[in-house]
Amino acid sequence: MQPRDLTAGNFAAYPLQGRSLAVAHVETLRQLPLALLPSLLREIIQYDYLFPVERSTIEKQLYALAAMNQGQLSECVHGFAQISLSHDLEDFDWINHPAQFLEQQSAWLWSSHQLDAFRTAANDYSARLDAVIRVEAPPLRRLGIAVIGQGVASWDQPLFRNLRAQGTWFQSIRSGNGLRLLLDATARRARAHPVPYAHWYIDGDAAADHDPALTSISFSALEPLRTGLLTKMQKEIERPGMGPEQLRTWLARLTPAELGIDGSTDPVLARFQVSLFTEASGTQIFSTTFAQWTTREVLRRAQALTVIARFAPRQRQRPMNELLSGDTATPELDPAGSLIDADMAAWYHWVNQQRLPGYEQSAFIAWFEDHNQAVAIGPTIPRGVESDSSLDLAQLLAFAGG
Amino acid sequence: MNRLIQSLQTPFGLSLSRREFLRDVAGLTLGSTLMGASPFLRGEAVRKKRKVIVITFGGGARDQETFAPEGQENIPHLLHELIPQSSFFSHVTNRGILGHYVATASLATGVYETLNNFAAVPPQHPTVFEYFRRDLKRPANDAWVVAPSNGFNRIGESDCRSYGAGALVILPKHLLAAARPGGVNLDHLLRDNYENPLYTPQLGGGEFELQQLDRILRLSVEDFAAHARTLSSPDELSVYIAIRLMQQEAPSLLWITMHDIDVAHSGAYSLYIEGIRRTDRLCAEMWRAVQDNPEYAGNTTMFILPDFGRDADYDTGGNGFQHHRTGDAASRTTWMMALGAGVRPGVIYDDPVQSIDLVPSLGAILGFSPAQSEGKPVRELL
């Protein structure tokens, strides 16, 4: 089937709101090349479970495409129209399974050496839409906080090497009550600007006491989901004929209910929690990876205004000789390795924050928990310099502009 | 930030920073300033003694954790022991599919293969081992592959007509599973790869059988299992097997695929760094084994190259070091070093070469004709 053959009836299996959106824009969708359309449909089919910012982005994109005349639209999607797809892809049920189509399309693009052309087409499409879609500045300065190194008593290697070039490195921070000061400050922001899914607290262990105005996700709280998923995955893998592609397809179809999650109170959050384990690598095993990936997704998808991410020690990766010894004891924690993981994750936190609107005004701090090292980044903060000012965490946050 | 991103992402920027860094640190000479005849010796008599070892520095390492200034602390052995003896190619591009099996198969055939990365299938084109054995009439035990996982068990030879007699493949983890030291559960250790950690393809074809431990490597199952218990990683096991193979069989063409670095897919940066440091150490260990073995010392050329890089921090489609999915410059652009017999030491070449140029270069060095390869011999190695 080709996009030009689409009718409103083709979306009958879509969830209610997504179906309405697709039907309302079916004329626009009919004009898009097959190399592009399933990417949009993947968003539309999930529309009912997306964050508000994501919904708004899709709507704006569809309206912008609809407002173009034939020539403008052709130019906008020209790169995608040049992509050659296989007959298998054309015959695929891309309307009802757009995510699976995209997986197969990705493999096809690699094997047919069209990946670079697709990247170029995507960048061009994105640039043309950016030119016509008005980007709204965030209602308040975006703030990121990374708390790393829990459980590390002492550390003599350099920290924050990437971040220091972007801001000021403090080495005399007064660490007392630091986490509480940071959580209270973020809670005040959340209460003052009560935007849904805009203020997050992510913890790689159990969440500390926090204001319910913050949307909270922690590795410990999701333990039943995580272990339940791993058990199910193991069973699936043992089934005859199960390969990596089939496993990914199976994972993509899992719902919160199938994993024992009650999604009735907040179906958007429940779906998001499942996706953290079904669409990522390493989050199922390592708490540091979980915290890093969750932070990335909260910024990319929800475009959060406030994110405080606290990293905890992950389990130690056991070397081969230990595995061969047959010792089945639960592996101990690896605070030092986790500090290195989290140091890099803090850098990625800032990089991901800088991809969002209003990045010029955003603020960021990273703190070595219970120690006197931190780095602060903000529009008025000197870059690449050191400071011996003795600030507590609340003062540091104020200094960064948060 | 945009200018910074651009300079980091262009292949020329990557190779330039590598070259400048090496010139400063290792005191290397820029290859384009050199004149004169080839350092490689020619003639059949020499070729018959010539041995080649290829090590893939896998799976996938970026500049910023290796040859960029901030990464140098992770590769002390490459930097201080091997680079001064090497011709270093600072700009190697992989234009193929960035999955470890398919990319290694591409390196071994000189063609960008398009096979399923996660299936136990042979390369679609003749491998370097087939060219080597057919053209030079070499016996089966003169070409070997030591590979990390079951997925690589078909890499030794293609299904192509008139070829098909290639390398014997040893899968050390497969051997370990067969030995089952102490009857312990090795499921975690034996996971096949880090991209799909729960998937292990079933073996078929000519894999190395356990009884060959004794016949080829002169190792009892007990001794093998006991030694494995002293090693910290699968790549250490691979190097142990490779060195044993050199001692017992002295193959002329030996290919070792490292894989520990690919633990990066787990998202744990510290484990990725550990993997790089371990691979750096193991490369030096291999080179020392060459020097210590009279069959190899003085007549061996060793190549070390990553199969590809990993995604850049700034590419929005990826998650930095964790994967190699974007096809950006950082994930496609790497390096290669050649050291030993016939190699001009202490020289950097920054002209672009492709990863598929390795096989034709080996053909020129060893004297076989890689008829179906789509690469070109690297001029500086001729």
# chains A, B, ... in the order shown; residues from 1 in each chain; ligands from 1

call {"tool": "select_by_dssp", "arguments": {"residues": "segment 151-356 of chain B", "states": "helix (DSSP H, G or I)", "output": "count of residues only"}}
result
81

call {"tool": "residues_around", "arguments": {"residues": "segment 49-58 of chain A", "least_positions_apart": "2", "cutoff": "8 Å", "atoms": "only C-alpha atoms", "output": "short mmCIF file (atom, residue, chain, number, x, y, z; two decimals) with C-alpha atoms, in the first residue's frame"}}
result
data_model
loop_
_atom_site.label_atom_id
_atom_site.label_comp_id
_atom_site.auth_asym_id
_atom_site.auth_seq_id
_atom_site.Cartn_x
_atom_site.Cartn_y
_atom_site.Cartn_z
CA LEU A 40 4.88 10.36 11.90
CA GLU A 43 3.95 9.25 17.06
CA ILE A 44 0.28 9.44 16.16
CA GLN A 46 0.98 6.60 20.60
CA TYR A 47 -0.57 10.05 20.80
CA LYS A 60 2.26 21.79 15.02
CA GLN A 61 4.08 19.63 12.52
CA LEU A 62 0.85 18.42 10.92
CA PRO A 196 2.37 18.81 34.05
CA TYR A 197 5.45 16.60 33.66
CA PRO A 267 -1.37 6.08 31.74
CA VAL A 268 1.15 8.51 30.27
CA ARG A 271 3.80 3.91 29.44
CA ARG A 301 10.36 13.76 25.30
CA ALA A 302 8.82 15.82 28.11
CA GLN A 303 11.18 18.78 27.61
#

call {"tool": "select_by_dssp", "arguments": {"residues": "segment 135-344 of chain A", "states": "strand (DSSP E or B)", "output": "MDAnalysis selection string"}}
result
chainID A and resid 143:148 168:170 174 199:203 215:218 306:310 314:315 333:334

call {"tool": "write_last_selection", "arguments": {"atoms": "N, CA and C atoms", "output": "PDB file, in the first residue's frame"}}
result
ATOM      1  N   LEU A 143      16.419  24.156  34.341  1.00  0.00           N
ATOM      2  CA  LEU A 143      17.431  23.857  35.367  1.00  0.00           C
ATOM      3  C   LEU A 143      17.724  22.362  35.399  1.00  0.00           C
ATOM      4  N   GLY A 144      18.988  22.017  35.351  1.00  0.00           N
ATOM      5  CA  GLY A 144      19.417  20.627  35.504  1.00  0.00           C
ATOM      6  C   GLY A 144      20.332  20.488  36.703  1.00  0.00           C
ATOM      7  N   ILE A 145      20.133  19.422  37.459  1.00  0.00           N
ATOM      8  CA  ILE A 145      20.985  19.155  38.625  1.00  0.00           C
ATOM      9  C   ILE A 145      21.385  17.679  38.579  1.00  0.00           C
ATOM     10  N   ALA A 146      22.677  17.431  38.621  1.00  0.00           N
ATOM     11  CA  ALA A 146      23.171  16.049  38.688  1.00  0.00           C
ATOM     12  C   ALA A 146      23.893  15.861  40.010  1.00  0.00           C
ATOM     13  N   VAL A 147      23.465  14.858  40.759  1.00  0.00           N
ATOM     14  CA  VAL A 147      24.089  14.546  42.050  1.00  0.00           C
ATOM     15  C   VAL A 147      24.772  13.191  41.879  1.00  0.00           C
ATOM     16  N   ILE A 148      26.093  13.183  41.954  1.00  0.00           N
ATOM     17  CA  ILE A 148      26.826  11.951  41.619  1.00  0.00           C
ATOM     18  C   ILE A 148      27.708  11.505  42.779  1.00  0.00           C
ATOM     19  N   THR A 168      31.942  27.152  35.988  1.00  0.00           N
ATOM     20  CA  THR A 168      32.902  27.393  37.066  1.00  0.00           C
ATOM     21  C   THR A 168      32.963  26.173  37.985  1.00  0.00           C
ATOM     22  N   TRP A 169      34.190  25.816  38.309  1.00  0.00           N
ATOM     23  CA  TRP A 169      34.437  24.627  39.134  1.00  0.00           C
ATOM     24  C   TRP A 169      34.677  25.075  40.580  1.00  0.00           C
ATOM     25  N   PHE A 170      33.841  24.597  41.471  1.00  0.00           N
ATOM     26  CA  PHE A 170      33.938  24.942  42.896  1.00  0.00           C
ATOM     27  C   PHE A 170      34.560  23.778  43.663  1.00  0.00           C
ATOM     28  N   ARG A 174      30.114  23.795  50.716  1.00  0.00           N
ATOM     29  CA  ARG A 174      29.680  23.245  52.011  1.00  0.00           C
ATOM     30  C   ARG A 174      28.562  22.237  51.715  1.00  0.00           C
ATOM     31  N   HIS A 199       8.584  18.966  35.973  1.00  0.00           N
ATOM     32  CA  HIS A 199       9.570  19.007  37.069  1.00  0.00           C
ATOM     33  C   HIS A 199       9.793  17.581  37.576  1.00  0.00           C
ATOM     34  N   TRP A 200      11.008  17.081  37.463  1.00  0.00           N
ATOM     35  CA  TRP A 200      11.272  15.662  37.705  1.00  0.00           C
ATOM     36  C   TRP A 200      12.365  15.460  38.751  1.00  0.00           C
ATOM     37  N   TYR A 201      12.183  14.381  39.497  1.00  0.00           N
ATOM     38  CA  TYR A 201      13.226  13.890  40.401  1.00  0.00           C
ATOM     39  C   TYR A 201      13.486  12.431  40.021  1.00  0.00           C
ATOM     40  N   ILE A 202      14.694  12.162  39.570  1.00  0.00           N
ATOM     41  CA  ILE A 202      15.093  10.808  39.138  1.00  0.00           C
ATOM     42  C   ILE A 202      16.145  10.292  40.112  1.00  0.00           C
ATOM     43  N   ASP A 203      15.959   9.093  40.620  1.00  0.00           N
ATOM     44  CA  ASP A 203      16.933   8.546  41.575  1.00  0.00           C
ATOM     45  C   ASP A 203      17.346   7.143  41.156  1.00  0.00           C
ATOM     46  N   THR A 215       7.516  15.097  39.677  1.00  0.00           N
ATOM     47  CA  THR A 215       7.259  13.761  39.130  1.00  0.00           C
ATOM     48  C   THR A 215       8.492  12.924  39.423  1.00  0.00           C
ATOM     49  N   SER A 216       8.292  11.827  40.135  1.00  0.00           N
ATOM     50  CA  SER A 216       9.436  11.064  40.610  1.00  0.00           C
ATOM     51  C   SER A 216       9.506   9.682  39.965  1.00  0.00           C
ATOM     52  N   ILE A 217      10.721   9.297  39.599  1.00  0.00           N
ATOM     53  CA  ILE A 217      10.985   7.945  39.101  1.00  0.00           C
ATOM     54  C   ILE A 217      12.258   7.455  39.782  1.00  0.00           C
ATOM     55  N   SER A 218      12.206   6.239  40.321  1.00  0.00           N
ATOM     56  CA  SER A 218      13.419   5.700  40.931  1.00  0.00           C
ATOM     57  C   SER A 218      13.615   4.248  40.530  1.00  0.00           C
ATOM     58  N   THR A 306      12.689  21.258  34.904  1.00  0.00           N
ATOM     59  CA  THR A 306      13.557  20.990  36.048  1.00  0.00           C
ATOM     60  C   THR A 306      13.833  19.489  36.097  1.00  0.00           C
ATOM     61  N   VAL A 307      15.099  19.119  36.180  1.00  0.00           N
ATOM     62  CA  VAL A 307      15.438  17.703  36.382  1.00  0.00           C
ATOM     63  C   VAL A 307      16.539  17.615  37.429  1.00  0.00           C
ATOM     64  N   ILE A 308      16.235  16.960  38.537  1.00  0.00           N
ATOM     65  CA  ILE A 308      17.293  16.614  39.479  1.00  0.00           C
ATOM     66  C   ILE A 308      17.498  15.111  39.373  1.00  0.00           C
ATOM     67  N   ALA A 309      18.706  14.722  38.968  1.00  0.00           N
ATOM     68  CA  ALA A 309      19.034  13.296  38.775  1.00  0.00           C
ATOM     69  C   ALA A 309      20.115  12.917  39.774  1.00  0.00           C
ATOM     70  N   ARG A 310      19.788  11.926  40.592  1.00  0.00           N
ATOM     71  CA  ARG A 310      20.747  11.482  41.615  1.00  0.00           C
ATOM     72  C   ARG A 310      21.192  10.061  41.283  1.00  0.00           C
ATOM     73  N   ARG A 314      25.806   1.267  41.312  1.00  0.00           N
ATOM     74  CA  ARG A 314      25.231   0.133  40.579  1.00  0.00           C
ATOM     75  C   ARG A 314      25.919  -1.149  41.035  1.00  0.00           C
ATOM     76  N   GLN A 315      25.358  -2.270  40.619  1.00  0.00           N
ATOM     77  CA  GLN A 315      26.002  -3.544  40.930  1.00  0.00           C
ATOM     78  C   GLN A 315      27.313  -3.668  40.164  1.00  0.00           C
ATOM     79  N   LEU A 333      28.169  -3.838  45.361  1.00  0.00           N
ATOM     80  CA  LEU A 333      28.057  -2.585  44.606  1.00  0.00           C
ATOM     81  C   LEU A 333      29.440  -2.086  44.185  1.00  0.00           C
ATOM     82  N   ASP A 334      29.440  -1.190  43.229  1.00  0.00           N
ATOM     83  CA  ASP A 334      30.685  -0.627  42.692  1.00  0.00           C
ATOM     84  C   ASP A 334      30.593   0.899  42.738  1.00  0.00           C
TER      85      ASP A 334
END

call {"tool": "interface_residues", "arguments": {"of": "chain A", "to": "chain B", "cutoff": "7 Å", "atoms": "only C-alpha atoms", "output": "PDB file with C-alpha atoms, in the first residue's frame"}}
result
ATOM      1  CA  TRP A 110      22.053   0.452   6.213  1.00  0.00           C
ATOM      2  CA  SER A 111      22.209  -2.452   3.795  1.00  0.00           C
ATOM      3  CA  GLY A 243      15.720 -13.808  17.370  1.00  0.00           C
ATOM      4  CA  PRO A 244      16.766 -10.237  18.110  1.00  0.00           C
ATOM      5  CA  SER A 281      20.022  -1.060  26.726  1.00  0.00           C
ATOM      6  CA  GLY A 282      21.509  -1.502  30.168  1.00  0.00           C
ATOM      7  CA  THR A 289      22.432   3.604  33.084  1.00  0.00           C
ATOM      8  CA  PRO A 319      35.053 -10.515  35.979  1.00  0.00           C
ATOM      9  CA  MET A 320      35.281 -13.827  34.160  1.00  0.00           C
ATOM     10  CA  ASN A 321      37.328 -15.604  36.790  1.00  0.00           C
ATOM     11  CA  LEU A 324      33.901 -19.325  36.569  1.00  0.00           C
ATOM     12  CA  GLY A 326      30.609 -20.646  40.490  1.00  0.00           C
ATOM     13  CA  GLY A 337      32.863   2.697  38.847  1.00  0.00           C
ATOM     14  CA  ILE A 340      32.831   7.457  36.687  1.00  0.00           C
ATOM     15  CA  ASP A 341      29.578   6.417  34.990  1.00  0.00           C
ATOM     16  CA  MET A 344      29.824  11.064  32.145  1.00  0.00           C
TER      17      MET A 344
END

call {"tool": "residues_around", "arguments": {"residues": "Ala165 of chain A", "least_positions_apart": "3", "cutoff": "12 Å", "atoms": "only C-alpha atoms", "output": "list in words"}}
result
Leu159, Phe160, Arg161, Asn162, Thr168, Trp169, Trp347, Val375, Ala376, Ile377, Ile381, Pro382, Arg383, Gly384, Val385 and Glu386 of chain A; Met1 of chain B

call {"tool": "decode", "arguments": {"residues": "segment 53-72 of chain A", "atoms": "N, CA and C atoms", "output": "JSON list (two decimals), in the first residue's frame"}}
result
[["chain", "number", "residue", "atom", "x", "y", "z"],
["A", 53, "VAL", "N", 3.96, 18.09, 25.72],
["A", 53, "VAL", "CA", 4.85, 18.77, 24.78],
["A", 53, "VAL", "C", 4.96, 17.96, 23.48],
["A", 54, "GLU", "N", 5.00, 16.66, 23.61],
["A", 54, "GLU", "CA", 5.10, 15.81, 22.42],
["A", 54, "GLU", "C", 3.84, 15.94, 21.56],
["A", 55, "ARG", "N", 2.70, 15.96, 22.22],
["A", 55, "ARG", "CA", 1.44, 16.11, 21.47],
["A", 55, "ARG", "C", 1.43, 17.43, 20.70],
["A", 56, "SER", "N", 1.84, 18.45, 21.40],
["A", 56, "SER", "CA", 1.84, 19.77, 20.77],
["A", 56, "SER", "C", 2.79, 19.80, 19.57],
["A", 57, "THR", "N", 3.93, 19.13, 19.70],
["A", 57, "THR", "CA", 4.91, 19.11, 18.61],
["A", 57, "THR", "C", 4.34, 18.42, 17.36],
["A", 58, "ILE", "N", 3.63, 17.30, 17.57],
["A", 58, "ILE", "CA", 3.04, 16.59, 16.43],
["A", 58, "ILE", "C", 1.96, 17.45, 15.76],
["A", 59, "GLU", "N", 1.14, 18.04, 16.60],
["A", 59, "GLU", "CA", 0.06, 18.87, 16.03],
["A", 59, "GLU", "C", 0.64, 20.01, 15.20],
["A", 60, "LYS", "N", 1.65, 20.67, 15.74],
["A", 60, "LYS", "CA", 2.26, 21.79, 15.02],
["A", 60, "LYS", "C", 2.86, 21.32, 13.70],
["A", 61, "GLN", "N", 3.47, 20.16, 13.74],
["A", 61, "GLN", "CA", 4.08, 19.63, 12.52],
["A", 61, "GLN", "C", 3.01, 19.35, 11.47],
["A", 62, "LEU", "N", 1.91, 18.74, 11.88],
["A", 62, "LEU", "CA", 0.85, 18.42, 10.92],
["A", 62, "LEU", "C", 0.21, 19.70, 10.36],
["A", 63, "TYR", "N", -0.01, 20.66, 11.22],
["A", 63, "TYR", "CA", -0.59, 21.92, 10.74],
["A", 63, "TYR", "C", 0.37, 22.65, 9.80],
["A", 64, "ALA", "N", 1.66, 22.60, 10.13],
["A", 64, "ALA", "CA", 2.64, 23.26, 9.25],
["A", 64, "ALA", "C", 2.67, 22.60, 7.88],
["A", 65, "LEU", "N", 2.60, 21.28, 7.85],
["A", 65, "LEU", "CA", 2.60, 20.57, 6.56],
["A", 65, "LEU", "C", 1.32, 20.88, 5.79],
["A", 66, "ALA", "N", 0.20, 20.94, 6.50],
["A", 66, "ALA", "CA", -1.08, 21.21, 5.85],
["A", 66, "ALA", "C", -1.13, 22.62, 5.26],
["A", 67, "ALA", "N", -0.40, 23.54, 5.88],
["A", 67, "ALA", "CA", -0.43, 24.92, 5.41],
["A", 67, "ALA", "C", 0.45, 25.15, 4.18],
["A", 68, "MET", "N", 1.27, 24.17, 3.84],
["A", 68, "MET", "CA", 2.16, 24.34, 2.68],
["A", 68, "MET", "C", 1.38, 24.08, 1.39],
["A", 69, "ASN", "N", 1.75, 24.82, 0.33],
["A", 69, "ASN", "CA", 1.17, 24.48, -0.96],
["A", 69, "ASN", "C", 1.91, 23.27, -1.54],
["A", 70, "GLN", "N", 1.44, 22.79, -2.66],
["A", 70, "GLN", "CA", 1.99, 21.55, -3.21],
["A", 70, "GLN", "C", 3.50, 21.63, -3.44],
["A", 71, "GLY", "N", 3.91, 22.77, -3.98],
["A", 71, "GLY", "CA", 5.34, 22.94, -4.28],
["A", 71, "GLY", "C", 6.18, 22.96, -3.02],
["A", 72, "GLN", "N", 5.70, 23.68, -2.01],
["A", 72, "GLN", "CA", 6.46, 23.76, -0.75],
["A", 72, "GLN", "C", 6.56, 22.39, -0.08]]
